[in-house]
Structures are given as structure tokens and as C-alpha cells.
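J.: The structure file model-v2.cif (mmCIF, C-alpha atoms) is provided below.
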```cif
data_protein
#
loop_
_atom_site.label_atom_id
_atom_site.label_comp_id
_atom_site.auth_asym_id
_atom_site.auth_seq_id
_atom_site.Cartn_x
_atom_site.Cartn_y
_atom_site.Cartn_z
CA MET A 1 3.03 3.17 -79.07
CA LEU A 2 6.04 2.17 -77.00
CA GLY A 3 4.45 3.72 -73.89
CA VAL A 4 1.39 1.51 -74.31
CA PHE A 5 3.61 -1.57 -74.56
CA TRP A 6 5.39 -0.64 -71.31
CA GLY A 7 2.05 -0.03 -69.62
CA ILE A 8 0.83 -3.46 -70.67
CA LEU A 9 4.02 -5.02 -69.29
CA ILE A 10 3.51 -3.19 -65.99
CA VAL A 11 -0.01 -4.61 -65.71
CA ILE A 12 1.24 -8.12 -66.54
CA PHE A 13 4.05 -7.95 -63.96
CA ALA A 14 1.64 -6.58 -61.34
CA SER A 15 -0.73 -9.49 -62.06
CA LEU A 16 2.12 -11.97 -61.70
CA LEU A 17 2.65 -10.73 -58.15
CA GLN A 18 -0.62 -12.41 -57.23
CA PHE A 19 0.52 -15.82 -58.48
CA ARG A 20 4.25 -15.63 -57.73
CA PRO A 21 4.64 -13.69 -54.46
CA ASN A 22 8.11 -15.14 -53.85
CA GLN A 23 9.35 -13.20 -56.91
CA HIS A 24 8.18 -9.84 -55.56
CA VAL A 25 11.65 -8.27 -55.65
CA GLY A 26 12.35 -8.98 -59.32
CA LEU A 27 8.85 -8.03 -60.40
CA GLY A 28 8.96 -4.85 -58.29
CA VAL A 29 12.26 -3.81 -59.87
CA ALA A 30 10.84 -4.49 -63.34
CA ILE A 31 7.76 -2.38 -62.58
CA VAL A 32 9.87 0.53 -61.31
CA ILE A 33 12.16 0.38 -64.37
CA LEU A 34 9.20 0.25 -66.77
CA SER A 35 7.58 3.17 -64.95
CA VAL A 36 10.71 5.26 -65.41
CA LEU A 37 10.95 4.19 -69.06
CA SER A 38 7.36 5.30 -69.61
CA TRP A 39 8.67 8.89 -69.73
CA LEU A 40 10.28 8.10 -73.08
CA GLY A 41 7.18 6.82 -74.83
CA SER A 42 4.20 8.66 -73.43
CA PHE A 43 5.31 11.40 -71.04
CA GLY A 44 5.10 9.04 -68.10
CA GLY A 45 1.57 7.93 -68.85
CA PHE A 46 0.52 11.55 -68.46
CA VAL A 47 2.38 11.58 -65.12
CA ILE A 48 -0.41 9.63 -63.37
CA GLY A 49 0.68 6.31 -64.88
CA PHE A 50 4.28 6.99 -63.88
CA LEU A 51 3.34 7.79 -60.29
CA LEU A 52 1.02 4.80 -59.93
CA GLY A 53 3.57 2.45 -61.46
CA LEU A 54 6.36 3.81 -59.27
CA ILE A 55 4.29 3.50 -56.10
CA GLY A 56 3.15 -0.01 -57.04
CA GLY A 57 6.71 -1.11 -57.81
CA ILE A 58 7.99 0.24 -54.50
CA LEU A 59 5.16 -1.48 -52.64
CA ALA A 60 6.04 -4.74 -54.41
CA LEU A 61 9.66 -4.35 -53.30
CA ALA A 62 8.66 -3.71 -49.70
CA TRP A 63 6.04 -6.48 -49.61
CA ASN A 64 6.60 -9.40 -47.25
CA PRO A 65 4.50 -12.25 -48.70
CA SER A 66 4.93 -14.49 -45.66
CA GLY A 67 3.43 -11.84 -43.39
CA PRO A 68 4.92 -10.09 -40.41
CA SER A 69 6.12 -12.02 -37.44
CA VAL A 70 4.62 -10.53 -34.33
CA ASN A 71 6.26 -10.87 -30.95
CA VAL A 72 4.02 -9.60 -28.18
CA ALA A 73 5.40 -8.91 -24.75
CA VAL A 74 3.02 -9.98 -21.98
CA SER A 75 2.77 -7.95 -18.80
CA SER A 76 1.55 -9.36 -15.51
CA GLY A 77 -1.80 -7.55 -15.72
CA SER A 78 -2.72 -8.76 -19.20
CA PHE A 79 -5.32 -11.25 -20.36
CA ALA A 80 -2.72 -14.02 -20.85
CA ALA A 81 -1.56 -13.71 -17.25
CA SER A 82 -5.15 -13.83 -15.98
CA ALA A 83 -5.80 -16.89 -18.15
CA GLN A 84 -2.89 -18.66 -16.47
CA MET A 85 -4.48 -18.02 -13.08
CA ASN A 86 -7.89 -19.27 -14.25
CA PRO A 87 -7.43 -22.55 -16.15
CA ALA A 88 -11.13 -22.68 -17.11
CA ALA A 89 -10.60 -19.62 -19.34
CA ARG A 90 -8.07 -21.53 -21.48
CA ARG A 91 -10.04 -24.70 -22.26
CA PHE A 92 -10.06 -26.12 -25.77
CA CYS A 93 -12.31 -28.70 -27.38
CA PRO A 94 -10.63 -32.14 -27.46
CA SER A 95 -12.34 -32.96 -30.79
CA CYS A 96 -11.69 -29.87 -32.93
CA GLY A 97 -9.27 -27.78 -30.83
CA SER A 98 -11.33 -24.58 -30.83
CA PRO A 99 -11.44 -22.47 -27.65
CA THR A 100 -14.46 -23.00 -25.41
CA GLU A 101 -16.32 -20.81 -22.98
CA PRO A 102 -15.95 -21.46 -19.25
CA GLY A 103 -18.63 -23.83 -17.95
CA ALA A 104 -19.73 -25.01 -21.39
CA LYS A 105 -20.68 -28.67 -21.69
CA PHE A 106 -20.54 -28.84 -25.50
CA CYS A 107 -18.28 -27.25 -28.11
CA ARG A 108 -19.86 -24.38 -30.08
CA SER A 109 -17.86 -25.31 -33.22
CA CYS A 110 -18.30 -29.06 -33.54
CA GLY A 111 -20.92 -29.90 -30.88
CA GLY A 112 -18.69 -32.46 -29.20
CA PRO A 113 -18.88 -33.04 -25.42
CA LEU A 114 -16.27 -31.27 -23.28
#
```
Here is the file; what I need is its structure written in the form of C-alpha cells.
T.:
Amino acid sequence: MLGVFWGILIVIFASLLQFRPNQHVGLGVAIVILSVLSWLGSFGGFVIGFLLGLIGGILALAWNPSGPSVNVAVSSGSFAASAQMNPAARRFCPSCGSPTEPGAKFCRSCGGPL
């Protein structure tokens, strides 16, 4: 019966990750601890529950809720460098700010004149 209680707590903590992503470290630690404790009550949830809980807890610990920051190095032969040489390729709609195609007279997003 104790193993079922720990399993329910694991599911609750995993659900809280959706609503409180800034608490991913504490919830991940709690999930890992409860997964290890599941060995005492129900033989680790027949081993499958232990493994799934352990993997989920570790993923919660490693999760970066704000997303990765990507820094891309631009070489001289890349698209960004060619866009700098051709200003028409970098035009944006003055109304909505979406990128436009070269030579277009109206924005495809909002229909405003360019």
C-alpha cells in the first residue's frame, strides 16, 4: 500500500512540473527520492515504475524551462551575409513586422501596403 502512495505522489509531482516549471529542481529531486523509496513498498513498482520514475526525475533536474540560448556564428558565405548585400531580401512589413518577399507590394500576413 505504501508503494501505491509513493506512485501517486510521483504522478502529482510530475504534473506540478507543467504548472510550476521554475521549481523543476525540487520536484525532480522529490521524484528521484520517491522512485528509490518505491523499492521498499512494491519492489520498485515491479522495476518498470522505478526506472520510469528515475528517468523522469533526472529529466526534470536537467530541464531548462526557459529554453536554450543559441549563439550562431555567421560565416561570410551564409544566408545572413548574402542578406546584408541584398537589402531587398531583409524587408519587413511596417504594419505588422513580418518578413516580406522581395518585390512584393503588399504584406502576406496583414495585407498592408509595403
J.: Quick one: pull the distance between CA of Ser98 (chain A) and CA of Pro65 (chain A), Å, one decimal.
T.: 26.9 Å
J.: Looking at all atoms listed in the file, which of A:Phe50, A:Phe13, A:Val4, A:Phe92 is the one that sits closest to Ile31 (chain A)?
T.: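 Smallest distance to Ile31 (chain A) is found for A:Phe13.
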J.: If we count all atoms listed in the file and set the cut-off at 12 Å, which residues sit around Leu27 (chain A), ignoring sequence neighbours fewer than 3 positions away in its own chain? Please answer as JSON, numbers by chain.
T.: {"A": [9, 10, 11, 12, 13, 14, 15, 16, 17, 18, 19, 20, 21, 22, 23, 24, 30, 31, 32, 33, 34, 53, 56, 57, 58, 59, 60, 61, 62, 63]}
J.: Would you mind reading off the distance between CA of Gly26 (chain A) and CA of Phe5 (chain A), one decimal, in Å?
T.: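 Value for the CA of Gly26 (chain A)-CA of Phe5 (chain A) distance: 19.1 Å.
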J.: Hey, can you check how far CA of Ile48 (chain A) sits from CA of Leu2 (chain A)?
T.: 16.8 Å
J.: The PyMOL selection byres ((chain A and resi 100) around 9) - which residues does that actually catch in the file I just gave you? List them as number ranges by chain.
T.: A: 88-93, 97-99, 101-104, 106-109, 114
J.: Could you state which residues are captured by the PyMOL selection byres ((chain A and resi 3) around 12) in this file, as a ChimeraX atom specification?
T.: /A:1-2,4-10,34-47,49-50
J.: Nearest to Pro94 (chain A) among A:Leu51, A:Cys110, A:Ser66, A:Val29, with distances taken over only C-alpha atoms: which residue is it?
T.: A:Cys110
